[in-house]
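Asker: Handing over query.pdb, PDB, C-alpha atoms.
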```pdb
ATOM      1  CA  MET A   1       0.000   0.000   0.000
ATOM      2  CA  LYS A   2       2.879   2.341   0.774
ATOM      3  CA  TYR A   3       4.382   1.953  -2.692
ATOM      4  CA  ALA A   4       0.969   2.121  -4.366
ATOM      5  CA  SER A   5       0.319   5.439  -2.621
ATOM      6  CA  LEU A   6       3.776   6.642  -3.670
ATOM      7  CA  VAL A   7       3.158   5.742  -7.305
ATOM      8  CA  LEU A   8      -0.218   7.486  -7.348
ATOM      9  CA  THR A   9       1.249  10.590  -5.703
ATOM     10  CA  ARG A  10       4.179  10.766  -8.111
ATOM     11  CA  VAL A  11       1.964  10.193 -11.153
ATOM     12  CA  ALA A  12      -0.359  12.983 -10.024
ATOM     13  CA  SER A  13       2.601  15.335  -9.486
ATOM     14  CA  THR A  14       3.921  14.717 -12.998
ATOM     15  CA  ILE A  15       0.688  15.746 -14.728
ATOM     16  CA  PRO A  16       1.522  19.507 -14.606
ATOM     17  CA  THR A  17       4.991  18.737 -16.005
ATOM     18  CA  LEU A  18       3.497  16.746 -18.851
ATOM     19  CA  VAL A  19       0.955  19.484 -19.646
ATOM     20  CA  LEU A  20       3.728  22.093 -19.655
ATOM     21  CA  ALA A  21       5.807  19.902 -21.994
ATOM     22  CA  THR A  22       2.900  19.584 -24.446
ATOM     23  CA  LEU A  23       2.316  23.355 -24.373
ATOM     24  CA  ILE A  24       5.983  24.133 -25.018
ATOM     25  CA  VAL A  25       6.408  21.689 -27.895
ATOM     26  CA  PHE A  26       3.045  22.631 -29.442
ATOM     27  CA  PHE A  27       3.769  26.333 -29.644
ATOM     28  CA  LEU A  28       7.521  26.129 -30.330
ATOM     29  CA  ILE A  29       7.059  23.756 -33.274
ATOM     30  CA  ARG A  30       4.855  26.367 -34.912
ATOM     31  CA  LEU A  31       7.708  28.872 -34.848
ATOM     32  CA  ILE A  32       9.510  26.776 -37.473
ATOM     33  CA  PRO A  33       9.421  28.643 -40.809
ATOM     34  CA  GLY A  34       7.278  27.096 -43.517
ATOM     35  CA  ASP A  35       3.721  25.918 -44.051
ATOM     36  CA  PRO A  36       2.645  22.244 -44.097
ATOM     37  CA  ALA A  37       0.040  23.114 -46.717
ATOM     38  CA  ASN A  38       2.802  24.305 -49.073
ATOM     39  CA  ALA A  39       4.790  21.117 -48.430
ATOM     40  CA  ILE A  40       1.765  18.970 -49.305
ATOM     41  CA  ALA A  41       0.368  20.930 -52.248
ATOM     42  CA  GLY A  42       3.670  21.901 -53.830
ATOM     43  CA  GLU A  43       5.327  25.173 -54.653
ATOM     44  CA  TYR A  44       2.884  26.219 -57.408
ATOM     45  CA  ALA A  45      -0.395  25.445 -55.628
ATOM     46  CA  THR A  46      -3.194  27.973 -55.920
ATOM     47  CA  PRO A  47      -4.341  29.954 -52.863
ATOM     48  CA  GLU A  48      -7.686  28.131 -53.030
ATOM     49  CA  ARG A  49      -5.966  24.739 -52.848
ATOM     50  CA  LEU A  50      -3.792  25.883 -49.939
ATOM     51  CA  ALA A  51      -6.854  27.135 -48.056
ATOM     52  CA  GLU A  52      -8.607  23.814 -48.688
ATOM     53  CA  ILE A  53      -5.659  21.821 -47.293
ATOM     54  CA  ARG A  54      -5.421  24.049 -44.220
ATOM     55  CA  THR A  55      -9.101  23.464 -43.543
ATOM     56  CA  GLU A  56      -8.680  19.691 -43.911
ATOM     57  CA  LEU A  57      -5.762  19.697 -41.489
ATOM     58  CA  GLY A  58      -7.418  22.049 -39.023
ATOM     59  CA  LEU A  59      -4.706  24.662 -39.517
ATOM     60  CA  ASP A  60      -7.311  27.361 -40.104
ATOM     61  CA  LEU A  61      -8.318  27.176 -36.427
ATOM     62  CA  SER A  62      -6.762  29.373 -33.769
ATOM     63  CA  LEU A  63      -3.710  27.976 -31.968
ATOM     64  CA  PRO A  64      -5.595  27.394 -28.673
ATOM     65  CA  MET A  65      -8.289  25.465 -30.536
ATOM     66  CA  GLN A  66      -5.669  23.408 -32.380
ATOM     67  CA  TYR A  67      -3.998  22.603 -29.053
ATOM     68  CA  LEU A  68      -7.241  21.567 -27.366
ATOM     69  CA  SER A  69      -8.167  19.426 -30.366
ATOM     70  CA  TRP A  70      -4.789  17.663 -30.237
ATOM     71  CA  VAL A  71      -4.916  17.106 -26.462
ATOM     72  CA  GLY A  72      -8.438  15.704 -26.782
ATOM     73  CA  GLY A  73      -7.152  13.206 -29.332
ATOM     74  CA  VAL A  74      -4.193  12.267 -27.110
ATOM     75  CA  LEU A  75      -6.529  11.426 -24.223
ATOM     76  CA  THR A  76      -8.336   8.945 -26.486
ATOM     77  CA  GLY A  77      -5.122   7.481 -27.913
ATOM     78  CA  ASP A  78      -5.395   9.348 -31.222
ATOM     79  CA  LEU A  79      -2.197  11.279 -31.989
ATOM     80  CA  GLY A  80      -3.426  12.333 -35.405
ATOM     81  CA  VAL A  81      -2.509  11.452 -38.980
ATOM     82  CA  SER A  82       0.640  12.246 -40.963
ATOM     83  CA  PHE A  83       0.155  15.148 -43.379
ATOM     84  CA  MET A  84       2.389  13.598 -46.032
ATOM     85  CA  THR A  85       1.612   9.869 -45.920
ATOM     86  CA  GLY A  86      -1.789   9.640 -44.257
ATOM     87  CA  GLN A  87      -0.468   7.085 -41.733
ATOM     88  CA  GLY A  88      -1.528   7.222 -38.100
ATOM     89  CA  VAL A  89       1.035   8.987 -35.914
ATOM     90  CA  ALA A  90       0.594   6.454 -33.095
ATOM     91  CA  GLY A  91       1.364   3.594 -35.487
ATOM     92  CA  LEU A  92       4.483   5.326 -36.794
ATOM     93  CA  ILE A  93       5.760   5.899 -33.272
ATOM     94  CA  LEU A  94       5.072   2.320 -32.151
ATOM     95  CA  GLU A  95       6.931   1.068 -35.232
ATOM     96  CA  ARG A  96      10.032   3.147 -34.458
ATOM     97  CA  LEU A  97       9.943   3.047 -30.637
ATOM     98  CA  PRO A  98      11.598  -0.412 -30.187
ATOM     99  CA  VAL A  99      14.745   0.740 -32.023
ATOM    100  CA  THR A 100      15.136   3.741 -29.717
ATOM    101  CA  LEU A 101      14.414   1.684 -26.593
ATOM    102  CA  ILE A 102      16.967  -0.967 -27.625
ATOM    103  CA  LEU A 103      19.580   1.707 -28.340
ATOM    104  CA  THR A 104      18.934   3.512 -25.046
ATOM    105  CA  THR A 105      18.952   0.291 -23.009
ATOM    106  CA  MET A 106      22.155  -0.986 -24.608
ATOM    107  CA  GLY A 107      23.763   2.430 -24.195
ATOM    108  CA  LEU A 108      22.855   2.439 -20.487
ATOM    109  CA  VAL A 109      24.280  -1.077 -20.030
ATOM    110  CA  VAL A 110      27.537   0.021 -21.682
ATOM    111  CA  ALA A 111      27.662   3.137 -19.490
ATOM    112  CA  VAL A 112      27.128   1.181 -16.259
ATOM    113  CA  LEU A 113      29.566  -1.594 -17.180
ATOM    114  CA  ILE A 114      32.242   1.027 -17.877
ATOM    115  CA  GLY A 115      31.447   3.688 -15.303
ATOM    116  CA  LEU A 116      30.659   1.686 -12.156
ATOM    117  CA  PRO A 117      33.808  -0.506 -11.965
ATOM    118  CA  THR A 118      36.153   2.303 -13.015
ATOM    119  CA  GLY A 119      34.556   4.666 -10.478
ATOM    120  CA  ILE A 120      34.997   2.113  -7.680
ATOM    121  CA  ILE A 121      38.589   1.332  -8.674
ATOM    122  CA  SER A 122      39.405   5.038  -8.944
ATOM    123  CA  ALA A 123      37.972   5.710  -5.461
ATOM    124  CA  SER A 124      39.934   2.809  -3.967
ATOM    125  CA  ARG A 125      43.164   4.268  -5.390
ATOM    126  CA  SER A 126      42.331   7.878  -4.568
ATOM    127  CA  GLY A 127      45.299  10.155  -5.210
ATOM    128  CA  GLY A 128      47.346   7.454  -6.948
ATOM    129  CA  ARG A 129      48.477   7.138 -10.536
ATOM    130  CA  LEU A 130      45.614   4.855 -11.517
ATOM    131  CA  ASP A 131      43.116   7.310 -10.030
ATOM    132  CA  ARG A 132      44.639  10.207 -11.953
ATOM    133  CA  PHE A 133      44.637   8.191 -15.173
ATOM    134  CA  LEU A 134      40.985   7.142 -14.814
ATOM    135  CA  THR A 135      39.760  10.621 -13.862
ATOM    136  CA  THR A 136      41.647  12.129 -16.800
ATOM    137  CA  ALA A 137      40.161   9.520 -19.143
ATOM    138  CA  ALA A 138      36.679  10.245 -17.747
ATOM    139  CA  THR A 139      37.156  13.974 -18.310
ATOM    140  CA  LEU A 140      38.214  13.341 -21.901
ATOM    141  CA  GLY A 141      35.239  11.010 -22.346
ATOM    142  CA  LEU A 142      32.850  13.774 -21.307
ATOM    143  CA  ALA A 143      34.381  16.091 -23.905
ATOM    144  CA  ILE A 144      33.938  13.705 -26.842
ATOM    145  CA  PRO A 145      30.799  14.421 -28.937
ATOM    146  CA  ASN A 146      28.600  11.379 -29.538
ATOM    147  CA  PHE A 147      28.348  11.973 -33.287
ATOM    148  CA  TRP A 148      32.142  12.240 -33.727
ATOM    149  CA  LEU A 149      32.710   9.085 -31.700
ATOM    150  CA  GLY A 150      30.029   7.333 -33.748
ATOM    151  CA  MET A 151      31.763   8.211 -37.022
ATOM    152  CA  VAL A 152      35.118   6.970 -35.672
ATOM    153  CA  LEU A 153      33.520   3.681 -34.608
ATOM    154  CA  ILE A 154      32.023   3.255 -38.083
ATOM    155  CA  LEU A 155      35.399   3.837 -39.750
ATOM    156  CA  VAL A 156      37.250   1.426 -37.447
ATOM    157  CA  PHE A 157      34.858  -1.443 -36.724
ATOM    158  CA  SER A 158      32.686  -1.360 -39.837
ATOM    159  CA  VAL A 159      34.766   0.005 -42.714
ATOM    160  CA  ALA A 160      38.305  -1.041 -41.701
ATOM    161  CA  LEU A 161      37.706  -4.263 -39.743
ATOM    162  CA  GLY A 162      34.254  -5.266 -40.987
ATOM    163  CA  TRP A 163      33.310  -6.707 -37.601
ATOM    164  CA  LEU A 164      29.969  -4.917 -37.203
ATOM    165  CA  PRO A 165      27.387  -3.450 -39.599
ATOM    166  CA  GLY A 166      27.701   0.178 -40.597
ATOM    167  CA  PRO A 167      24.975   2.787 -40.926
ATOM    168  CA  GLY A 168      21.451   1.526 -41.437
ATOM    169  CA  GLY A 169      19.521  -1.254 -39.817
ATOM    170  CA  PRO A 170      16.161  -3.041 -39.922
ATOM    171  CA  LEU A 171      13.138  -2.277 -37.798
ATOM    172  CA  PHE A 172      12.859  -4.439 -34.691
ATOM    173  CA  THR A 173       9.471  -5.741 -35.817
ATOM    174  CA  ALA A 174      10.980  -6.957 -39.105
ATOM    175  CA  ASP A 175      14.311  -8.401 -37.863
ATOM    176  CA  PRO A 176      14.858  -8.348 -34.064
ATOM    177  CA  LEU A 177      18.385  -9.823 -34.125
ATOM    178  CA  GLY A 178      19.427  -7.575 -36.991
ATOM    179  CA  ALA A 179      18.122  -4.515 -35.143
ATOM    180  CA  ILE A 180      20.059  -5.462 -31.987
ATOM    181  CA  ARG A 181      23.269  -6.086 -33.964
ATOM    182  CA  ALA A 182      22.904  -2.762 -35.778
ATOM    183  CA  ALA A 183      22.546  -1.000 -32.404
ATOM    184  CA  ILE A 184      25.890  -2.212 -30.993
ATOM    185  CA  LEU A 185      28.090   0.553 -32.387
ATOM    186  CA  PRO A 186      25.651   3.412 -31.681
ATOM    187  CA  ALA A 187      25.133   2.016 -28.154
ATOM    188  CA  ILE A 188      28.884   2.175 -27.594
ATOM    189  CA  ALA A 189      28.943   5.737 -28.915
ATOM    190  CA  LEU A 190      26.233   6.659 -26.415
ATOM    191  CA  GLY A 191      27.495   4.571 -23.514
ATOM    192  CA  LEU A 192      31.133   5.685 -23.454
ATOM    193  CA  VAL A 193      30.181   9.274 -22.695
ATOM    194  CA  GLY A 194      27.632   8.153 -20.102
ATOM    195  CA  GLY A 195      30.186   5.819 -18.540
ATOM    196  CA  ALA A 196      32.592   8.723 -18.070
ATOM    197  CA  GLU A 197      29.948  10.673 -16.129
ATOM    198  CA  ILE A 198      29.011   7.648 -13.982
ATOM    199  CA  CYS A 199      32.695   7.038 -13.226
ATOM    200  CA  ARG A 200      33.184  10.584 -11.942
ATOM    201  CA  GLN A 201      30.032  10.587  -9.823
ATOM    202  CA  VAL A 202      30.641   7.138  -8.292
ATOM    203  CA  ARG A 203      34.243   8.030  -7.497
ATOM    204  CA  SER A 204      33.207  11.276  -5.816
ATOM    205  CA  ALA A 205      30.558   9.562  -3.669
ATOM    206  CA  MET A 206      32.792   6.662  -2.645
ATOM    207  CA  VAL A 207      35.850   8.787  -1.856
ATOM    208  CA  GLU A 208      33.722  10.730   0.615
ATOM    209  CA  ASP A 209      32.244   7.539   2.095
ATOM    210  CA  LEU A 210      35.621   5.794   2.444
ATOM    211  CA  THR A 211      36.812   8.556   4.786
ATOM    212  CA  SER A 212      33.802   8.250   7.113
ATOM    213  CA  ASP A 213      33.711   6.760  10.618
ATOM    214  CA  HIS A 214      31.889   3.567   9.684
ATOM    215  CA  VAL A 215      34.749   2.540   7.366
ATOM    216  CA  ARG A 216      37.250   2.922  10.224
ATOM    217  CA  THR A 217      34.927   0.827  12.373
ATOM    218  CA  HIS A 218      34.793  -1.923   9.751
ATOM    219  CA  LYS A 219      38.586  -1.903   9.527
ATOM    220  CA  ALA A 220      38.866  -2.187  13.305
ATOM    221  CA  LYS A 221      36.563  -5.222  13.215
ATOM    222  CA  GLY A 222      38.918  -6.902  10.762
ATOM    223  CA  LEU A 223      36.787  -6.748   7.599
ATOM    224  CA  SER A 224      38.743  -7.057   4.387
ATOM    225  CA  TRP A 225      39.262  -3.971   2.260
ATOM    226  CA  ARG A 226      37.549  -5.664  -0.663
ATOM    227  CA  ARG A 227      34.391  -6.325   1.398
ATOM    228  CA  ILE A 228      34.371  -2.774   2.756
ATOM    229  CA  LEU A 229      34.754  -1.378  -0.738
ATOM    230  CA  TRP A 230      32.414  -3.567  -2.801
ATOM    231  CA  VAL A 231      29.710  -4.182  -0.193
ATOM    232  CA  HIS A 232      29.456  -1.498   2.480
ATOM    233  CA  SER A 233      30.799   1.598   0.717
ATOM    234  CA  LEU A 234      29.123   0.738  -2.590
ATOM    235  CA  LYS A 235      25.772   0.324  -0.820
ATOM    236  CA  ASN A 236      26.140   3.706   0.866
ATOM    237  CA  SER A 237      26.905   5.270  -2.521
ATOM    238  CA  SER A 238      23.908   3.679  -4.225
ATOM    239  CA  LEU A 239      21.672   6.775  -3.997
ATOM    240  CA  PRO A 240      24.080   9.018  -5.969
ATOM    241  CA  PHE A 241      24.539   6.133  -8.407
ATOM    242  CA  LEU A 242      20.765   5.811  -8.924
ATOM    243  CA  THR A 243      20.506   9.557  -9.418
ATOM    244  CA  ILE A 244      23.120   9.642 -12.156
ATOM    245  CA  VAL A 245      21.632   6.549 -13.840
ATOM    246  CA  GLY A 246      18.227   8.248 -13.967
ATOM    247  CA  LEU A 247      19.797  11.364 -15.470
ATOM    248  CA  GLN A 248      21.728   9.237 -17.956
ATOM    249  CA  ILE A 249      18.528   7.658 -19.276
ATOM    250  CA  SER A 250      17.136  11.120 -20.032
ATOM    251  CA  ARG A 251      20.430  12.130 -21.666
ATOM    252  CA  LEU A 252      20.577   8.945 -23.730
ATOM    253  CA  LEU A 253      17.062   9.537 -25.058
ATOM    254  CA  SER A 254      17.954  13.053 -26.185
ATOM    255  CA  ALA A 255      21.362  12.039 -27.576
ATOM    256  CA  SER A 256      19.774   9.201 -29.547
ATOM    257  CA  VAL A 257      18.313  11.816 -31.921
ATOM    258  CA  VAL A 258      21.811  12.650 -33.202
ATOM    259  CA  VAL A 259      23.267   9.138 -32.966
ATOM    260  CA  GLU A 260      20.363   7.546 -34.844
ATOM    261  CA  THR A 261      20.828  10.084 -37.616
ATOM    262  CA  VAL A 262      24.584   9.351 -37.839
ATOM    263  CA  PHE A 263      23.986   5.575 -37.981
ATOM    264  CA  GLY A 264      20.860   5.769 -40.151
ATOM    265  CA  LEU A 265      18.702   3.868 -37.669
ATOM    266  CA  SER A 266      14.926   3.936 -38.035
ATOM    267  CA  GLY A 267      14.146   5.103 -34.516
ATOM    268  CA  LEU A 268      12.326   8.023 -32.962
ATOM    269  CA  GLY A 269      15.371  10.267 -33.426
ATOM    270  CA  THR A 270      15.391   9.840 -37.201
ATOM    271  CA  LEU A 271      11.608  10.179 -37.271
ATOM    272  CA  ILE A 272      11.626  13.494 -35.426
ATOM    273  CA  VAL A 273      14.375  14.950 -37.643
ATOM    274  CA  THR A 274      12.564  13.948 -40.846
ATOM    275  CA  SER A 275       9.229  15.173 -39.517
ATOM    276  CA  THR A 276      10.679  18.540 -38.523
ATOM    277  CA  ASN A 277      12.076  19.063 -42.015
ATOM    278  CA  GLN A 278       8.673  18.192 -43.528
ATOM    279  CA  ARG A 279       6.729  20.368 -41.049
ATOM    280  CA  GLU A 280       4.937  17.281 -39.694
ATOM    281  CA  TYR A 281       3.700  18.966 -36.535
ATOM    282  CA  LEU A 282       1.649  16.056 -35.250
ATOM    283  CA  ILE A 283       4.503  13.543 -35.522
ATOM    284  CA  VAL A 284       6.961  15.850 -33.735
ATOM    285  CA  GLN A 285       4.433  16.504 -30.980
ATOM    286  CA  GLY A 286       3.727  12.783 -30.626
ATOM    287  CA  VAL A 287       7.409  11.837 -30.423
ATOM    288  CA  VAL A 288       8.158  14.531 -27.839
ATOM    289  CA  LEU A 289       5.138  13.417 -25.818
ATOM    290  CA  VAL A 290       6.355   9.804 -25.812
ATOM    291  CA  MET A 291       9.880  10.842 -24.802
ATOM    292  CA  ALA A 292       8.486  13.011 -22.006
ATOM    293  CA  LEU A 293       6.461  10.037 -20.754
ATOM    294  CA  LEU A 294       9.592   7.850 -20.799
ATOM    295  CA  VAL A 295      11.546  10.422 -18.776
ATOM    296  CA  ILE A 296       8.693  10.779 -16.276
ATOM    297  CA  PHE A 297       8.441   6.991 -15.927
ATOM    298  CA  THR A 298      12.204   6.787 -15.353
ATOM    299  CA  ASN A 299      12.039   9.403 -12.595
ATOM    300  CA  LEU A 300       9.157   7.507 -10.998
ATOM    301  CA  VAL A 301      11.143   4.250 -10.953
ATOM    302  CA  VAL A 302      14.181   6.026  -9.486
ATOM    303  CA  ASP A 303      12.023   7.571  -6.745
ATOM    304  CA  ILE A 304      10.644   4.161  -5.805
ATOM    305  CA  PHE A 305      14.128   2.636  -5.655
ATOM    306  CA  TYR A 306      15.233   5.531  -3.416
ATOM    307  CA  ARG A 307      12.658   4.469  -0.851
ATOM    308  CA  VAL A 308      13.446   0.774  -1.210
ATOM    309  CA  ILE A 309      17.145   1.377  -0.545
ATOM    310  CA  ASP A 310      16.645   4.002   2.162
ATOM    311  CA  PRO A 311      13.263   3.780   3.956
ATOM    312  CA  ARG A 312      14.050   7.043   5.787
ATOM    313  CA  ILE A 313      13.259   8.947   2.568
ATOM    314  CA  ARG A 314       9.629  10.051   2.532
TER
END
```
What do you get writing this file as structure tokens?

Answerer:
Amino acid sequence: MKYASLVLTRVASTIPTLVLATLIVFFLIRLIPGDPANAIAGEYATPERLAEIRTELGLDLSLPMQYLSWVGGVLTGDLGVSFMTGQGVAGLILERLPVTLILTTMGLVVAVLIGLPTGIISASRSGGRLDRFLTTAATLGLAIPNFWLGMVLILVFSVALGWLPGPGGPLFTADPLGAIRAAILPAIALGLVGGAEICRQVRSAMVEDLTSDHVRTHKAKGLSWRRILWVHSLKNSSLPFLTIVGLQISRLLSASVVVETVFGLSGLGTLIVTSTNQREYLIVQGVVLVMALLVIFTNLVVDIFYRVIDPRIR
């Protein structure tokens, strides 16, 4: 009951955030130069034809009315129809969503597998040569752009060595294994930068914990350094670790827009870029809405784990 109440409270508190996100994306997308009616009808369309298309699309309504009409559709599961292809926006998003989720999940796994052990090792050798090397490498990792790293990975592992597929990849619904294999290189491009951030944050939290009184007590009791480090100190540093993991998921979702474009993957990132260029307002709004929901869900899960790990948190 306690966790059910927590979930309901957190879901209720995220509703204003979600409404604000829909308002921002709805009105900002309309600041993009260009007219969807011109994109559909062509450059030499008559004014009458343009007016007819705007009426069909509801673009002749005031912006508040357009917003209310869109929100009403969202509440019933109808995200609208593509201007250019006539396909349902919800169907397009569901078709592309697995690719983005696979990429984000694999990127997070790479980030944790790199960042957590290196952060622990760096903290255990605080002030030493290994610590300085790892912190310097983490700083350099944070400075590397995802798209540049992605292009280097393509040149090395795809073009030069031929170990992994290059740009492009199937939809998950068409070829699950092919989609996972195509996501390996972009996941590494995403995860290396995230791993550098996790390494720094874990090191900082554990260095502080390793100088606390409870560590001296454990030493006095005869506990091995390995047990103190990997069990007691790591547990005490779990809240900062959860925090940075939650932030990394949000960052990976946003960075996937660029990485998917570099690797030619058919995910939400590629969809939103193409839709923006074609003035597909409804698709852009739908994609942003889905990403906002994913971020909100991630924050909810992190909040629940906070309370599982430390019941003192209310």

Asker: Step by step, work through what the PyMOL selection byres ((chain A and resi 81) around 10) selects in the shown file, and finish by giving those residues as an MDAnalysis selection string.

Answerer: chainID A and resid 57 78:80 82:92 280 282:283

Asker: Pull C-alpha atoms from the residues just selected and write them as an mmCIF file, in the frame of the given file.

Answerer:
```cif
data_model
loop_
_atom_site.group_PDB
_atom_site.id
_atom_site.type_symbol
_atom_site.label_atom_id
_atom_site.label_comp_id
_atom_site.auth_asym_id
_atom_site.auth_seq_id
_atom_site.Cartn_x
_atom_site.Cartn_y
_atom_site.Cartn_z
ATOM 1 C CA LEU A 57 -5.762 19.697 -41.489
ATOM 2 C CA ASP A 78 -5.395 9.348 -31.222
ATOM 3 C CA LEU A 79 -2.197 11.279 -31.989
ATOM 4 C CA GLY A 80 -3.426 12.333 -35.405
ATOM 5 C CA SER A 82 0.640 12.246 -40.963
ATOM 6 C CA PHE A 83 0.155 15.148 -43.379
ATOM 7 C CA MET A 84 2.389 13.598 -46.032
ATOM 8 C CA THR A 85 1.612 9.869 -45.920
ATOM 9 C CA GLY A 86 -1.789 9.640 -44.257
ATOM 10 C CA GLN A 87 -0.468 7.085 -41.733
ATOM 11 C CA GLY A 88 -1.528 7.222 -38.100
ATOM 12 C CA VAL A 89 1.035 8.987 -35.914
ATOM 13 C CA ALA A 90 0.594 6.454 -33.095
ATOM 14 C CA GLY A 91 1.364 3.594 -35.487
ATOM 15 C CA LEU A 92 4.483 5.326 -36.794
ATOM 16 C CA GLU A 280 4.937 17.281 -39.694
ATOM 17 C CA LEU A 282 1.649 16.056 -35.250
ATOM 18 C CA ILE A 283 4.503 13.543 -35.522
#
```

Asker: Using the chain letters and numbers from the file, which residues does the PyMOL selection byres ((chain A and resi 120-130) around 12) grab, as a ChimeraX atom specification?

Answerer: /A:112-119,131-138,196,198-211,225-231,233-235,237-238,241

Asker: Write out the residues from the selection above, keeping C-alpha atoms, as a PDB file, in the frame of the given file.

Answerer:
```pdb
ATOM      1  CA  VAL A 112      27.128   1.181 -16.259  1.00  0.00           C
ATOM      2  CA  LEU A 113      29.566  -1.594 -17.180  1.00  0.00           C
ATOM      3  CA  ILE A 114      32.242   1.027 -17.877  1.00  0.00           C
ATOM      4  CA  GLY A 115      31.447   3.688 -15.303  1.00  0.00           C
ATOM      5  CA  LEU A 116      30.659   1.686 -12.156  1.00  0.00           C
ATOM      6  CA  PRO A 117      33.808  -0.506 -11.965  1.00  0.00           C
ATOM      7  CA  THR A 118      36.153   2.303 -13.015  1.00  0.00           C
ATOM      8  CA  GLY A 119      34.556   4.666 -10.478  1.00  0.00           C
ATOM      9  CA  ASP A 131      43.116   7.310 -10.030  1.00  0.00           C
ATOM     10  CA  ARG A 132      44.639  10.207 -11.953  1.00  0.00           C
ATOM     11  CA  PHE A 133      44.637   8.191 -15.173  1.00  0.00           C
ATOM     12  CA  LEU A 134      40.985   7.142 -14.814  1.00  0.00           C
ATOM     13  CA  THR A 135      39.760  10.621 -13.862  1.00  0.00           C
ATOM     14  CA  THR A 136      41.647  12.129 -16.800  1.00  0.00           C
ATOM     15  CA  ALA A 137      40.161   9.520 -19.143  1.00  0.00           C
ATOM     16  CA  ALA A 138      36.679  10.245 -17.747  1.00  0.00           C
ATOM     17  CA  ALA A 196      32.592   8.723 -18.070  1.00  0.00           C
ATOM     18  CA  ILE A 198      29.011   7.648 -13.982  1.00  0.00           C
ATOM     19  CA  CYS A 199      32.695   7.038 -13.226  1.00  0.00           C
ATOM     20  CA  ARG A 200      33.184  10.584 -11.942  1.00  0.00           C
ATOM     21  CA  GLN A 201      30.032  10.587  -9.823  1.00  0.00           C
ATOM     22  CA  VAL A 202      30.641   7.138  -8.292  1.00  0.00           C
ATOM     23  CA  ARG A 203      34.243   8.030  -7.497  1.00  0.00           C
ATOM     24  CA  SER A 204      33.207  11.276  -5.816  1.00  0.00           C
ATOM     25  CA  ALA A 205      30.558   9.562  -3.669  1.00  0.00           C
ATOM     26  CA  MET A 206      32.792   6.662  -2.645  1.00  0.00           C
ATOM     27  CA  VAL A 207      35.850   8.787  -1.856  1.00  0.00           C
ATOM     28  CA  GLU A 208      33.722  10.730   0.615  1.00  0.00           C
ATOM     29  CA  ASP A 209      32.244   7.539   2.095  1.00  0.00           C
ATOM     30  CA  LEU A 210      35.621   5.794   2.444  1.00  0.00           C
ATOM     31  CA  THR A 211      36.812   8.556   4.786  1.00  0.00           C
ATOM     32  CA  TRP A 225      39.262  -3.971   2.260  1.00  0.00           C
ATOM     33  CA  ARG A 226      37.549  -5.664  -0.663  1.00  0.00           C
ATOM     34  CA  ARG A 227      34.391  -6.325   1.398  1.00  0.00           C
ATOM     35  CA  ILE A 228      34.371  -2.774   2.756  1.00  0.00           C
ATOM     36  CA  LEU A 229      34.754  -1.378  -0.738  1.00  0.00           C
ATOM     37  CA  TRP A 230      32.414  -3.567  -2.801  1.00  0.00           C
ATOM     38  CA  VAL A 231      29.710  -4.182  -0.193  1.00  0.00           C
ATOM     39  CA  SER A 233      30.799   1.598   0.717  1.00  0.00           C
ATOM     40  CA  LEU A 234      29.123   0.738  -2.590  1.00  0.00           C
ATOM     41  CA  LYS A 235      25.772   0.324  -0.820  1.00  0.00           C
ATOM     42  CA  SER A 237      26.905   5.270  -2.521  1.00  0.00           C
ATOM     43  CA  SER A 238      23.908   3.679  -4.225  1.00  0.00           C
ATOM     44  CA  PHE A 241      24.539   6.133  -8.407  1.00  0.00           C
TER      45      PHE A 241
END
```

Asker: Give me, as a PDB file with C-alpha atoms, keeping the file's coordinate frame, all polymer residues having an atom no more than 12 Å from Val11 in chain A, counting all atoms listed in the file and skipping those fewer than 2 positions away in the same chain.

Answerer:
```pdb
ATOM      1  CA  ALA A   4       0.969   2.121  -4.366  1.00  0.00           C
ATOM      2  CA  SER A   5       0.319   5.439  -2.621  1.00  0.00           C
ATOM      3  CA  LEU A   6       3.776   6.642  -3.670  1.00  0.00           C
ATOM      4  CA  VAL A   7       3.158   5.742  -7.305  1.00  0.00           C
ATOM      5  CA  LEU A   8      -0.218   7.486  -7.348  1.00  0.00           C
ATOM      6  CA  THR A   9       1.249  10.590  -5.703  1.00  0.00           C
ATOM      7  CA  SER A  13       2.601  15.335  -9.486  1.00  0.00           C
ATOM      8  CA  THR A  14       3.921  14.717 -12.998  1.00  0.00           C
ATOM      9  CA  ILE A  15       0.688  15.746 -14.728  1.00  0.00           C
ATOM     10  CA  PRO A  16       1.522  19.507 -14.606  1.00  0.00           C
ATOM     11  CA  THR A  17       4.991  18.737 -16.005  1.00  0.00           C
ATOM     12  CA  LEU A  18       3.497  16.746 -18.851  1.00  0.00           C
ATOM     13  CA  LEU A 293       6.461  10.037 -20.754  1.00  0.00           C
ATOM     14  CA  ILE A 296       8.693  10.779 -16.276  1.00  0.00           C
ATOM     15  CA  PHE A 297       8.441   6.991 -15.927  1.00  0.00           C
ATOM     16  CA  THR A 298      12.204   6.787 -15.353  1.00  0.00           C
ATOM     17  CA  ASN A 299      12.039   9.403 -12.595  1.00  0.00           C
ATOM     18  CA  LEU A 300       9.157   7.507 -10.998  1.00  0.00           C
ATOM     19  CA  VAL A 301      11.143   4.250 -10.953  1.00  0.00           C
ATOM     20  CA  ASP A 303      12.023   7.571  -6.745  1.00  0.00           C
ATOM     21  CA  ILE A 304      10.644   4.161  -5.805  1.00  0.00           C
TER      22      ILE A 304
END
```

Asker: Near range 156-164 of chain A, counting only C-alpha atoms, which residues have an atom at most 10 Å away, once you skip same-chain residues fewer than 2 positions from it, shown as a list in words?

Answerer: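 Those residues are Met151, Val152, Leu153, Ile154, Gly166, Pro167, Arg181, Ala182, Ala183, Ile184 and Leu185 of chain A.
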
Asker: Pick out the closest residue to Gly168 in chain A from this set: A:Leu103, A:Gly72, A:Ser224, A:Leu265. Count all atoms listed in the file.

Answerer: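 Nearest candidate to Gly168 in chain A out of A:Leu103, A:Gly72, A:Ser224, A:Leu265: A:Leu265.
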